[in-house]
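Asks: Below: one structure in structure tokens.
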Amino acid sequence: MKTESTPALFVAVLLPLAIEKAYTYSVPEELCNRISFGMRVEVQFGRSRHYSGLVVGFPASPSDPEKIKPILEILDTGPVIHEQQFTFWTWIAEYYCCSLGEVMIAALPSHLKLSSETRIIPGPQLEDAFPRLNDDAYLIAEALSIRQEITVEDAKKILDRKTVYPLLMSLVQEGVIAFREDLQERFKPRMVAAVKLHTRLHENRQGTLPQVMEELNRSKRQLEALMAFLQMEKERPWIRKSEWMARAEIQDGILRSLVKKEILEVYQQEVSRLGTGPGEDAADWVLSPHQEKALQSMLDQFQKKETVLLQGVTGSGKTLLYAKAIEKVIREGKQVLFLLPEIALTTQLVSRVEQLTGRTVLTYHSRLNQQERVEIWRAVLTKPDMIVLGPRSGLFLPFFNLGLIIVDEEHDGSYKQHDPAPRYHGRDLAIMLGHHFKAKTILGSATPSLESYYHAKKGKYGYVLLTERYGNAVLPELRLINLKQETIKGNQAPFSQTLIQSIKDTIARGEQILLFQNRRGYAPNLQCGTCQWVQPCIHCDVSLTYHKPSHKMHCHYCGYQTAIPIHCPQCGNRQLTLKGFGTQRIEDDLKIFFPEARIGRLDLDTARSRQSLTRILDDFSEKKLDILVGTQMITKGLDFEHLGLVGILQADQLISYPDFRASERGFQMMVQVAGRAGRREGHSLVLIQTYEPANAVLQDVLHLNMEGFYIRELQERKAFHYPPYGRIVRITIKHRREEKCEWAAHYMVKQLTPFLGDAVQGPATPGVPRINNYYLRTVQVKLSSDASKLRYAKESILQIAAAMRTARGMSGLIVSPDVDPV
């Protein structure tokens, strides 16, 4: 709080808008003793709009103080951010070429950045609250009961008051009102049917069990089933119903009889889809000698390094090492941030970490409602020793005593924020956040990014390698299938004969199949056989994809849909052909080849909601499906116990994209999807279909030659000065008129070249030159790793972009710099 010796007459207020700086406001005398750094205040911005902004400084008295607007109200009793956090925000804005306001928008939960346009809806306690409400609160509640939705501005008019935020926040706390937000789906944990002894037998187990067995002597099958249960009870903490029934070789009728006799009961057990150990109960895990050595090496390296790369083959038990590191930090009374690339994995990992560490884990992600996000925000703000687990948004929480950051699957592209700004990379931000707090950072992956691998080998990071899978799990056998030979034989189907036979054999063994095709939809093109016309999107320069469920052509960029044309609009030909294979077509073809198989599909179309994703994964895990076809969603660290075969249908697509990172992404994706197999005891097979079996990347995947792949890729990167040997800033320029977009791109190059020389490349037309009626051009700046040159380049880009937007007719210009693009 400000004291009399340091009066807060003026404050710098940061607003949740894409503006470059904080604005100065005066503080009324009656509020001076209540205000401090990091508090939210209500201010007027412009002629009529009101916002809740953050106090981020106390500037000296301006030259014309009478022109400074006053703050209207203080909204908090204490700060919602720390000064150290604001320093971190400032670094983000400077490094990623964006405004502080954009960082604030990305960082704060919606409830902490209200504006006049924020919409208010009835809360769950609205109807019951009327008798106890004061006059002002009653008027707001009455308006909501009639109109169902009002804005903050409406509330001000109803009460005839300039400031209503304190009242609204108190009503939110009481559940009388809520702020409108997009529908948030709750993650549904995976549950499986399990069996246990009936409750009545627990109290006097020794006395009642012999009596129960005597009664079952007349039913041999029921007695054998009970004996099988008792044997399994000694081997594991809980018993899955399907496994018990398989071992006892019984049908549902025997189970129903034992349940009816109150000998056994069926219940739902929560389990994880993550495969980092041999069993479901994490509390029973012990470090293997190999893991013990790796853990000690990691702790030793933390004595000298802030960051350690933990590279472990899929299924090596990295989670257990994470947990041991967390335990140590929590004992020291510090905070822990555990990052994962996907929300789907976040909730699944919570119980496992809680069992391993014995501590409650908070989850923070976009599928929590805003009130829950605010509660977690405030908990992190005040509690010195806690564990928070979530995706990249967790980096913005107000930590003040951070001791450890874990970035699992650090190579994953989901850590990169593309739009809107700040366009940060979660891994890089985590390392910098750790540096700000002098905390330790663990980067974990089976297939690390080239940058992380390079820094580890050069000694900038520590490096720990896990080469053994946990327990009895073995690596799968990998084979390449030459599709050229299949084409010569006349096979036009997406499945080679080898793959078809392997699917048959796998189903016959009672095992499951995972087929990976990284293209959704039914067919990527509708083509005229006469003039080669391909149906385009009317808003984007890209062909439409046919989707069978809707029987329409879809654009995967802007969402446009249209009916299939009857004839070619160019030549009138009625023979239009669908070209290529998407996941929908793969699924249809499988039903023809394997009519008895139970087939599922996992892609963006089938898993748009969290419940549908959960249902598909649960069905596959519980063997309700024999074959699952999926896009890259199936590569995300999931474990399927009965998986016997993995098929990668078009490996060439993954490595042929015109981008310097294509080989790296393709290699990582194939190794990760192959890692879904071979996690349990027994043999499993991975078949990779390709037209170029001699390709160096595919040969590295075949032999799981990580080091050879990294060495070759780094040599190529070095020759062309790509990261990690150089830095890249990619500038995307957008405008609704193509000639203005073209002019702006050439102007950017013209202005940058005198200062940066050959480092400026372009302008270039991207592979998709128009998206959602915006024309696109790109300019690339490729620099050495010299930090001063990078800083100068970014400052120049921002200055030129600001100048271009003020040119006549260029108000609609969008310039988006992306530092370290992926």
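All residue names refer to the structure tokens as shown: chains lettered A, B, ... in order, residues numbered from 1 in each chain, ligands numbered from 1 in order.
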Go through range 380-470 of chain A and flag each residue having an atom no more than 12 Å from range 76-96 of chain A; for those, report the closest pair of atoms plus their distance in Å to one decimal, using only C-alpha atoms, ordered by chain and rising number, as JSON lines.
Replies:
{"residue": "A:Val380", "atom": "CA", "partner": "A:Val80", "partner_atom": "CA", "distance": 10.1}
{"residue": "A:Leu381", "atom": "CA", "partner": "A:Val80", "partner_atom": "CA", "distance": 7.1}
{"residue": "A:Thr382", "atom": "CA", "partner": "A:Val80", "partner_atom": "CA", "distance": 9.8}
{"residue": "A:Leu395", "atom": "CA", "partner": "A:Phe88", "partner_atom": "CA", "distance": 10.3}
{"residue": "A:Phe396", "atom": "CA", "partner": "A:Gln85", "partner_atom": "CA", "distance": 8.1}
{"residue": "A:Leu397", "atom": "CA", "partner": "A:Gln85", "partner_atom": "CA", "distance": 8.5}
{"residue": "A:Pro398", "atom": "CA", "partner": "A:Ile81", "partner_atom": "CA", "distance": 5.7}
{"residue": "A:Phe399", "atom": "CA", "partner": "A:Gln85", "partner_atom": "CA", "distance": 7.5}
{"residue": "A:Phe400", "atom": "CA", "partner": "A:His82", "partner_atom": "CA", "distance": 7.3}
{"residue": "A:Asn401", "atom": "CA", "partner": "A:Gln84", "partner_atom": "CA", "distance": 10.5}
{"residue": "A:Leu402", "atom": "CA", "partner": "A:Gln84", "partner_atom": "CA", "distance": 11.4}
{"residue": "A:Gln417", "atom": "CA", "partner": "A:Tyr96", "partner_atom": "CA", "distance": 10.9}
{"residue": "A:His418", "atom": "CA", "partner": "A:Tyr96", "partner_atom": "CA", "distance": 11.3}
{"residue": "A:Pro420", "atom": "CA", "partner": "A:Tyr96", "partner_atom": "CA", "distance": 11.7}
{"residue": "A:Ala421", "atom": "CA", "partner": "A:Tyr96", "partner_atom": "CA", "distance": 8.1}
{"residue": "A:Pro422", "atom": "CA", "partner": "A:Tyr96", "partner_atom": "CA", "distance": 6.2}
{"residue": "A:Arg423", "atom": "CA", "partner": "A:Tyr96", "partner_atom": "CA", "distance": 6.4}
{"residue": "A:Tyr424", "atom": "CA", "partner": "A:Tyr96", "partner_atom": "CA", "distance": 6.5}
{"residue": "A:His425", "atom": "CA", "partner": "A:Tyr96", "partner_atom": "CA", "distance": 9.6}
{"residue": "A:Gly426", "atom": "CA", "partner": "A:Ile92", "partner_atom": "CA", "distance": 11.4}
{"residue": "A:Asp428", "atom": "CA", "partner": "A:Ile92", "partner_atom": "CA", "distance": 10.6}
{"residue": "A:Leu429", "atom": "CA", "partner": "A:Ile92", "partner_atom": "CA", "distance": 8.1}
{"residue": "A:Ala430", "atom": "CA", "partner": "A:Phe88", "partner_atom": "CA", "distance": 11.0}
{"residue": "A:Ile431", "atom": "CA", "partner": "A:Phe88", "partner_atom": "CA", "distance": 11.8}
{"residue": "A:Met432", "atom": "CA", "partner": "A:Phe88", "partner_atom": "CA", "distance": 8.4}
{"residue": "A:Leu433", "atom": "CA", "partner": "A:Phe88", "partner_atom": "CA", "distance": 7.1}
{"residue": "A:Gly434", "atom": "CA", "partner": "A:Phe88", "partner_atom": "CA", "distance": 10.5}
{"residue": "A:His435", "atom": "CA", "partner": "A:Phe88", "partner_atom": "CA", "distance": 10.1}
{"residue": "A:His436", "atom": "CA", "partner": "A:Phe88", "partner_atom": "CA", "distance": 7.4}
{"residue": "A:Phe437", "atom": "CA", "partner": "A:Gln84", "partner_atom": "CA", "distance": 8.5}
Asks: For Leu144 in chain A, find every residue with an atom within 9 Å (counting only C-alpha atoms), except residues of its own chain fewer than 3 positions away, and show them as a ChimeraX atom specification.
Replies: /A:120-122,126,139-141,147-150,177
Asks: Save out the residues we just selected, all heavy atoms, as a short mmCIF file (atom, residue, chain, number, x, y, z; two decimals), in the first residue's frame.
Replies:
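Ended up saving to out-v2.cif:
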data_model
loop_
_atom_site.label_atom_id
_atom_site.label_comp_id
_atom_site.auth_asym_id
_atom_site.auth_seq_id
_atom_site.Cartn_x
_atom_site.Cartn_y
_atom_site.Cartn_z
N ILE A 120 -23.55 -9.91 -18.82
CA ILE A 120 -23.92 -10.50 -17.53
C ILE A 120 -25.14 -11.39 -17.75
O ILE A 120 -26.10 -11.02 -18.43
CB ILE A 120 -24.26 -9.40 -16.50
CG1 ILE A 120 -23.11 -8.39 -16.41
CG2 ILE A 120 -24.56 -10.00 -15.14
CD1 ILE A 120 -23.50 -7.12 -15.68
N ILE A 121 -25.11 -12.59 -17.15
CA ILE A 121 -26.22 -13.54 -17.25
C ILE A 121 -26.60 -14.01 -15.84
O ILE A 121 -25.83 -13.83 -14.90
CB ILE A 121 -25.85 -14.76 -18.13
CG1 ILE A 121 -24.63 -15.48 -17.57
CG2 ILE A 121 -25.62 -14.33 -19.57
CD1 ILE A 121 -24.28 -16.76 -18.30
N PRO A 122 -27.79 -14.60 -15.67
CA PRO A 122 -28.20 -15.07 -14.34
C PRO A 122 -27.25 -16.15 -13.80
O PRO A 122 -26.78 -17.00 -14.55
CB PRO A 122 -29.60 -15.65 -14.57
CG PRO A 122 -30.08 -14.97 -15.81
CD PRO A 122 -28.88 -14.75 -16.66
N LEU A 126 -29.65 -16.98 -8.43
CA LEU A 126 -30.41 -15.75 -8.68
C LEU A 126 -31.78 -15.77 -8.01
O LEU A 126 -32.14 -14.86 -7.26
CB LEU A 126 -30.56 -15.53 -10.19
CG LEU A 126 -31.42 -14.31 -10.59
CD1 LEU A 126 -30.71 -13.02 -10.18
CD2 LEU A 126 -31.69 -14.30 -12.08
N LEU A 139 -32.07 -4.46 -8.11
CA LEU A 139 -32.37 -3.92 -9.43
C LEU A 139 -31.65 -4.70 -10.53
O LEU A 139 -32.22 -4.98 -11.59
CB LEU A 139 -31.98 -2.44 -9.50
CG LEU A 139 -32.85 -1.47 -8.68
CD1 LEU A 139 -32.25 -0.08 -8.71
CD2 LEU A 139 -34.28 -1.47 -9.24
N ILE A 140 -30.38 -5.07 -10.29
CA ILE A 140 -29.63 -5.85 -11.26
C ILE A 140 -30.26 -7.23 -11.42
O ILE A 140 -30.46 -7.72 -12.55
CB ILE A 140 -28.15 -5.99 -10.84
CG1 ILE A 140 -27.47 -4.62 -10.77
CG2 ILE A 140 -27.40 -6.92 -11.78
CD1 ILE A 140 -27.38 -3.90 -12.09
N ALA A 141 -30.58 -7.87 -10.31
CA ALA A 141 -31.18 -9.21 -10.36
C ALA A 141 -32.53 -9.19 -11.06
O ALA A 141 -32.86 -10.09 -11.85
CB ALA A 141 -31.33 -9.76 -8.94
N ARG A 147 -34.74 -9.89 -18.56
CA ARG A 147 -34.06 -9.83 -19.87
C ARG A 147 -33.07 -10.96 -20.11
O ARG A 147 -32.62 -11.16 -21.24
CB ARG A 147 -33.34 -8.47 -19.99
CG ARG A 147 -34.31 -7.31 -20.03
CD ARG A 147 -33.66 -5.97 -19.70
NE ARG A 147 -32.53 -5.66 -20.57
CZ ARG A 147 -31.82 -4.54 -20.46
NH1 ARG A 147 -32.12 -3.65 -19.52
NH2 ARG A 147 -30.81 -4.31 -21.29
N GLN A 148 -32.69 -11.68 -19.05
CA GLN A 148 -31.78 -12.83 -19.14
C GLN A 148 -30.33 -12.47 -19.45
O GLN A 148 -29.43 -13.23 -19.17
CB GLN A 148 -32.28 -13.87 -20.17
CG GLN A 148 -33.56 -14.56 -19.75
CD GLN A 148 -33.40 -15.29 -18.42
OE1 GLN A 148 -32.56 -16.15 -18.26
NE2 GLN A 148 -34.23 -14.91 -17.45
N GLU A 149 -30.08 -11.29 -20.03
CA GLU A 149 -28.71 -10.90 -20.35
C GLU A 149 -28.63 -9.39 -20.47
O GLU A 149 -29.44 -8.77 -21.16
CB GLU A 149 -28.25 -11.57 -21.65
CG GLU A 149 -26.81 -11.25 -22.02
CD GLU A 149 -26.34 -12.01 -23.26
OE1 GLU A 149 -26.22 -13.24 -23.17
OE2 GLU A 149 -26.11 -11.37 -24.29
N ILE A 150 -27.64 -8.81 -19.77
CA ILE A 150 -27.40 -7.37 -19.88
C ILE A 150 -25.88 -7.15 -19.96
O ILE A 150 -25.11 -8.06 -19.65
CB ILE A 150 -27.98 -6.57 -18.69
CG1 ILE A 150 -27.31 -7.02 -17.37
CG2 ILE A 150 -29.49 -6.72 -18.62
CD1 ILE A 150 -27.73 -6.19 -16.17
N ILE A 177 -25.09 -13.66 -10.11
CA ILE A 177 -24.89 -13.41 -11.54
C ILE A 177 -23.64 -14.14 -12.00
O ILE A 177 -22.86 -14.67 -11.19
CB ILE A 177 -24.74 -11.89 -11.83
CG1 ILE A 177 -23.43 -11.35 -11.23
CG2 ILE A 177 -25.95 -11.12 -11.33
CD1 ILE A 177 -23.09 -9.94 -11.65
#
Asks: Do you know which residues are at most 12 Å from Glu233 in chain A counting only C-alpha atoms, after dropping those on the same chain fewer than 3 positions away, and could you put them as a ChimeraX atom specification?
Replies: /A:194-197,226-230,236-240,243-244
Asks: Using all heavy atoms, can you export the residues from the last selection as a tab-separated table (two decimals), in the first residue's frame?
Replies:
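Dumped everything to selection-v3.tsv:
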chain	number	residue	atom	x	y	z
A	194	ALA	N	-14.82	-52.17	-12.68
A	194	ALA	CA	-13.93	-52.97	-11.83
A	194	ALA	C	-14.78	-53.76	-10.85
A	194	ALA	O	-15.97	-53.47	-10.66
A	194	ALA	CB	-12.96	-52.07	-11.08
A	195	VAL	N	-14.20	-54.80	-10.26
A	195	VAL	CA	-14.93	-55.64	-9.29
A	195	VAL	C	-14.17	-55.66	-7.97
A	195	VAL	O	-12.94	-55.56	-7.93
A	195	VAL	CB	-15.11	-57.08	-9.82
A	195	VAL	CG1	-16.13	-57.13	-10.92
A	195	VAL	CG2	-13.80	-57.68	-10.27
A	196	LYS	N	-14.93	-55.80	-6.88
A	196	LYS	CA	-14.35	-55.91	-5.55
A	196	LYS	C	-15.27	-56.75	-4.68
A	196	LYS	O	-16.43	-57.01	-5.04
A	196	LYS	CB	-14.13	-54.54	-4.93
A	196	LYS	CG	-15.41	-53.74	-4.71
A	196	LYS	CD	-15.11	-52.38	-4.11
A	196	LYS	CE	-16.39	-51.59	-3.89
A	196	LYS	NZ	-16.12	-50.26	-3.30
A	197	LEU	N	-14.76	-57.19	-3.54
A	197	LEU	CA	-15.60	-57.93	-2.61
A	197	LEU	C	-16.73	-57.05	-2.11
A	197	LEU	O	-16.55	-55.83	-1.93
A	197	LEU	CB	-14.78	-58.40	-1.40
A	197	LEU	CG	-13.99	-59.69	-1.54
A	197	LEU	CD1	-13.22	-59.98	-0.26
A	197	LEU	CD2	-14.88	-60.88	-1.89
A	226	LEU	N	-14.65	-66.91	-8.16
A	226	LEU	CA	-14.26	-66.26	-6.91
A	226	LEU	C	-12.80	-66.53	-6.59
A	226	LEU	O	-12.06	-65.63	-6.16
A	226	LEU	CB	-15.16	-66.73	-5.77
A	226	LEU	CG	-14.83	-66.14	-4.38
A	226	LEU	CD1	-14.93	-64.62	-4.41
A	226	LEU	CD2	-15.75	-66.73	-3.32
A	227	MET	N	-12.35	-67.78	-6.81
A	227	MET	CA	-10.95	-68.11	-6.54
A	227	MET	C	-10.01	-67.30	-7.45
A	227	MET	O	-8.96	-66.84	-7.02
A	227	MET	CB	-10.72	-69.62	-6.76
A	227	MET	CG	-11.48	-70.51	-5.77
A	227	MET	SD	-11.00	-70.22	-4.06
A	227	MET	CE	-9.34	-70.90	-4.08
A	228	ALA	N	-10.41	-67.13	-8.71
A	228	ALA	CA	-9.61	-66.32	-9.63
A	228	ALA	C	-9.55	-64.87	-9.15
A	228	ALA	O	-8.50	-64.22	-9.21
A	228	ALA	CB	-10.20	-66.38	-11.04
A	229	PHE	N	-10.68	-64.38	-8.63
A	229	PHE	CA	-10.70	-63.02	-8.11
A	229	PHE	C	-9.75	-62.87	-6.92
A	229	PHE	O	-8.97	-61.90	-6.85
A	229	PHE	CB	-12.13	-62.65	-7.69
A	229	PHE	CG	-12.22	-61.36	-6.92
A	229	PHE	CD1	-12.29	-60.15	-7.58
A	229	PHE	CD2	-12.19	-61.37	-5.53
A	229	PHE	CE1	-12.34	-58.96	-6.88
A	229	PHE	CE2	-12.24	-60.17	-4.82
A	229	PHE	CZ	-12.32	-58.97	-5.50
A	230	LEU	N	-9.80	-63.81	-5.99
A	230	LEU	CA	-8.95	-63.73	-4.80
A	230	LEU	C	-7.47	-63.80	-5.16
A	230	LEU	O	-6.63	-63.15	-4.52
A	230	LEU	CB	-9.32	-64.85	-3.82
A	230	LEU	CG	-10.73	-64.76	-3.22
A	230	LEU	CD1	-11.05	-66.00	-2.40
A	230	LEU	CD2	-10.88	-63.50	-2.37
A	236	ARG	N	-2.66	-57.14	-7.48
A	236	ARG	CA	-2.86	-55.75	-7.89
A	236	ARG	C	-3.80	-55.02	-6.94
A	236	ARG	O	-4.56	-55.67	-6.21
A	236	ARG	CB	-3.41	-55.70	-9.32
A	236	ARG	CG	-4.71	-56.46	-9.52
A	236	ARG	CD	-4.99	-56.72	-10.99
A	236	ARG	NE	-4.07	-57.73	-11.52
A	236	ARG	CZ	-4.00	-58.05	-12.81
A	236	ARG	NH1	-4.77	-57.44	-13.68
A	236	ARG	NH2	-3.16	-58.98	-13.22
A	237	PRO	N	-3.73	-53.70	-6.92
A	237	PRO	CA	-4.55	-52.93	-5.97
A	237	PRO	C	-6.04	-52.93	-6.29
A	237	PRO	O	-6.86	-52.74	-5.41
A	237	PRO	CB	-3.97	-51.52	-6.08
A	237	PRO	CG	-3.34	-51.46	-7.42
A	237	PRO	CD	-2.82	-52.84	-7.70
A	238	TRP	N	-6.39	-53.09	-7.55
A	238	TRP	CA	-7.80	-53.19	-7.94
A	238	TRP	C	-7.89	-54.06	-9.19
A	238	TRP	O	-6.91	-54.27	-9.89
A	238	TRP	CB	-8.43	-51.82	-8.17
A	238	TRP	CG	-7.81	-51.02	-9.27
A	238	TRP	CD1	-6.74	-50.20	-9.18
A	238	TRP	CD2	-8.22	-50.99	-10.65
A	238	TRP	NE1	-6.44	-49.66	-10.40
A	238	TRP	CE2	-7.34	-50.11	-11.32
A	238	TRP	CE3	-9.24	-51.60	-11.38
A	238	TRP	CZ2	-7.44	-49.85	-12.68
A	238	TRP	CZ3	-9.36	-51.32	-12.73
A	238	TRP	CH2	-8.47	-50.46	-13.36
A	239	ILE	N	-9.10	-54.59	-9.46
A	239	ILE	CA	-9.24	-55.61	-10.51
A	239	ILE	C	-10.23	-55.12	-11.56
A	239	ILE	O	-11.40	-54.84	-11.27
A	239	ILE	CB	-9.73	-56.95	-9.91
A	239	ILE	CG1	-8.71	-57.44	-8.87
A	239	ILE	CG2	-9.94	-57.99	-11.00
A	239	ILE	CD1	-9.20	-58.60	-8.05
A	240	ARG	N	-9.75	-55.04	-12.79
A	240	ARG	CA	-10.59	-54.67	-13.91
A	240	ARG	C	-11.55	-55.82	-14.23
A	240	ARG	O	-11.14	-56.99	-14.31
A	240	ARG	CB	-9.72	-54.36	-15.12
A	240	ARG	CG	-10.43	-53.61	-16.24
A	240	ARG	CD	-9.56	-53.54	-17.47
A	240	ARG	NE	-8.35	-52.77	-17.24
A	240	ARG	CZ	-8.10	-51.58	-17.77
A	240	ARG	NH1	-8.98	-51.04	-18.57
A	240	ARG	NH2	-6.97	-50.95	-17.52
A	243	GLU	N	-10.62	-58.06	-17.26
A	243	GLU	CA	-9.45	-58.92	-17.06
A	243	GLU	C	-9.80	-60.13	-16.17
A	243	GLU	O	-9.35	-61.24	-16.42
A	243	GLU	CB	-8.31	-58.11	-16.43
A	243	GLU	CG	-7.72	-57.06	-17.36
A	243	GLU	CD	-6.60	-56.28	-16.71
A	243	GLU	OE1	-6.36	-56.50	-15.50
A	243	GLU	OE2	-5.99	-55.45	-17.40
A	244	TRP	N	-10.59	-59.87	-15.15
A	244	TRP	CA	-11.01	-60.97	-14.26
A	244	TRP	C	-11.86	-61.98	-15.01
A	244	TRP	O	-11.66	-63.19	-14.90
A	244	TRP	CB	-11.76	-60.39	-13.06
A	244	TRP	CG	-12.50	-61.43	-12.26
A	244	TRP	CD1	-11.96	-62.46	-11.55
A	244	TRP	CD2	-13.92	-61.55	-12.13
A	244	TRP	NE1	-12.96	-63.21	-10.97
A	244	TRP	CE2	-14.17	-62.67	-11.31
A	244	TRP	CE3	-15.00	-60.83	-12.61
A	244	TRP	CZ2	-15.45	-63.07	-10.97
A	244	TRP	CZ3	-16.28	-61.21	-12.27
A	244	TRP	CH2	-16.49	-62.32	-11.47
Asks: Among range 566-602 of chain A, which residues carry a DSSP assignment of strand (DSSP E or B), reported as a PyMOL selection string?
Replies: chain A and resi 576-579+599-602
Asks: Please, which residues of range 131-252 of chain A, numbered as in this document, come out helix (DSSP H, G or I) from DSSP, as a PyMOL selection string?
Replies: chain A and resi 131-132+135-147+152-159+165-173+199-202+205-218+220-235+241-248+252
Asks: Hey, what's within 12 Å of Leu31 in chain A if we count only C-alpha atoms and toss same-chain stuff fewer than 2 positions away? As a PyMOL selection string, please?
Replies: chain A and resi 1-3+7-11+26-29+33-36+41+70-77
Asks: Just the number, please: distance in Å from CA of Leu223 in chain A to CA of Lys260 in chain A, one decimal.
Replies: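 Computed distance, CA of Leu223 in chain A to CA of Lys260 in chain A, equals 14.4 Å.
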Asks: Nearest to Met39 in chain A among A:Lys718, A:Arg730, A:Lys113, A:Arg479, with distances taken over only C-alpha atoms: which residue is it?
Replies: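 Looking only at the distances to Met39 in chain A, the closest residue turns out to be A:Lys113.
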Asks: Of the candidates A:Thr732, A:Gln751, A:Gln653, A:Ser684, which shows the shortest atom-to-atom distance to Gln780 in chain A, using only C-alpha atoms?
Replies: A:Thr732
Asks: Given the choices A:Gln561, A:Ser242, A:Gln689, A:Gln632, which gets closest to Thr583 in chain A if the distance is worked out from only C-alpha atoms?
Replies: A:Gln632
Asks: Write out as a PyMOL selection string which residues come within 8 Å of range 204-221 of chain A when counting only C-alpha atoms, dropping same-chain ones fewer than 4 positions away.
Replies: chain A and resi 225+250+254+263
Asks: Next, dump the selected residues to file, keeping only all heavy atoms, as a short mmCIF file (atom, residue, chain, number, x, y, z; two decimals), in the first residue's frame.
Replies:
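Wrote it out as out-v6.cif, contents follow:
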data_model
loop_
_atom_site.label_atom_id
_atom_site.label_comp_id
_atom_site.auth_asym_id
_atom_site.auth_seq_id
_atom_site.Cartn_x
_atom_site.Cartn_y
_atom_site.Cartn_z
N ALA A 225 -14.64 -68.74 -10.29
CA ALA A 225 -14.56 -67.30 -10.57
C ALA A 225 -14.11 -66.54 -9.32
O ALA A 225 -13.29 -65.61 -9.39
CB ALA A 225 -15.91 -66.78 -11.05
N ILE A 250 -15.32 -66.70 -17.79
CA ILE A 250 -16.74 -66.71 -17.45
C ILE A 250 -17.49 -65.68 -18.29
O ILE A 250 -16.89 -64.79 -18.89
CB ILE A 250 -16.97 -66.41 -15.95
CG1 ILE A 250 -16.41 -65.00 -15.61
CG2 ILE A 250 -16.35 -67.47 -15.08
CD1 ILE A 250 -16.79 -64.52 -14.24
N ILE A 254 -22.42 -65.44 -14.74
CA ILE A 254 -21.73 -65.79 -13.50
C ILE A 254 -21.53 -64.55 -12.64
O ILE A 254 -21.74 -64.56 -11.42
CB ILE A 254 -20.37 -66.45 -13.80
CG1 ILE A 254 -20.55 -67.73 -14.63
CG2 ILE A 254 -19.61 -66.73 -12.52
CD1 ILE A 254 -21.25 -68.84 -13.88
N ILE A 263 -21.67 -61.21 -3.01
CA ILE A 263 -20.29 -61.69 -2.82
C ILE A 263 -19.32 -60.71 -3.48
O ILE A 263 -18.29 -60.36 -2.91
CB ILE A 263 -20.13 -63.10 -3.42
CG1 ILE A 263 -21.04 -64.09 -2.66
CG2 ILE A 263 -18.68 -63.56 -3.37
CD1 ILE A 263 -21.13 -65.46 -3.30
#
Asks: Which is closer to Asp505 in chain A than all the others in A:Leu685, A:Ile733, A:Val192, A:Met386, using only C-alpha atoms?
Replies: A:Leu685
Asks: Rounded to one decimal, what separation in Å do you get between CA of Glu622 in chain A and CA of Glu235 in chain A?
Replies: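 About the pair CA of Glu622 in chain A and CA of Glu235 in chain A: they are 20.7 Å apart.
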Asks: Excluding same-chain residues fewer than 6 positions from Tyr710 in chain A, what lies within 9 Å of it counting only C-alpha atoms, as a PDB file with C-alpha atoms, in the first residue's frame?
Replies:
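Resulting contents of result.pdb:
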ATOM      1  CA  LEU A 450      16.602 -29.892 -32.704  1.00  0.00           C
ATOM      2  CA  TYR A 453      19.094 -31.264 -28.505  1.00  0.00           C
ATOM      3  CA  TYR A 454      21.699 -28.829 -29.874  1.00  0.00           C
ATOM      4  CA  GLU A 664      12.026 -32.895 -38.023  1.00  0.00           C
TER       5      GLU A 664
END
Asks: Identify, on the basis of only C-alpha atoms, every residue whose closest approach to Lys293 in chain A does not exceed 12 Å; exclude the query and any residue fewer than 3 positions from it along the same chain; express the result as a list in words.
Replies: Leu287, Ser288, Pro289, His290, Gln296, Ser297, Met298, Leu299, Asp300, Leu321, Val464, Leu465, Leu466 and Thr467 of chain A
Asks: May I have the residues from that selection written out with C-alpha atoms, as a PDB file, in the first residue's frame?
Replies:
ATOM      1  CA  LEU A 287      12.519 -46.466  -9.799  1.00  0.00           C
ATOM      2  CA  SER A 288      14.444 -48.997 -11.838  1.00  0.00           C
ATOM      3  CA  PRO A 289      18.258 -48.928 -11.492  1.00  0.00           C
ATOM      4  CA  HIS A 290      18.411 -47.175 -14.880  1.00  0.00           C
ATOM      5  CA  GLN A 296      20.807 -38.659  -9.794  1.00  0.00           C
ATOM      6  CA  SER A 297      22.434 -37.386 -12.980  1.00  0.00           C
ATOM      7  CA  MET A 298      19.636 -34.838 -13.430  1.00  0.00           C
ATOM      8  CA  LEU A 299      19.913 -33.581  -9.839  1.00  0.00           C
ATOM      9  CA  ASP A 300      23.699 -33.346 -10.136  1.00  0.00           C
ATOM     10  CA  LEU A 321      11.373 -38.948 -12.629  1.00  0.00           C
ATOM     11  CA  VAL A 464      19.982 -37.056 -19.365  1.00  0.00           C
ATOM     12  CA  LEU A 465      19.199 -40.038 -21.611  1.00  0.00           C
ATOM     13  CA  LEU A 466      16.778 -42.873 -20.782  1.00  0.00           C
ATOM     14  CA  THR A 467      17.255 -45.743 -23.227  1.00  0.00           C
TER      15      THR A 467
END
Asks: Which one is closest to Arg519 in chain A: A:Ala607, A:Leu654, A:Leu625, A:Leu159? Count only C-alpha atoms.
Replies: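 Looking at the shortest contact to Arg519 in chain A, the residue is A:Leu654.
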Asks: Can you work out which one of A:Leu337, A:Leu687, A:Ala597, A:Ile731 has the shortest atom-to-atom distance to Thr765 in chain A, counting only C-alpha atoms?
Replies: A:Ile731
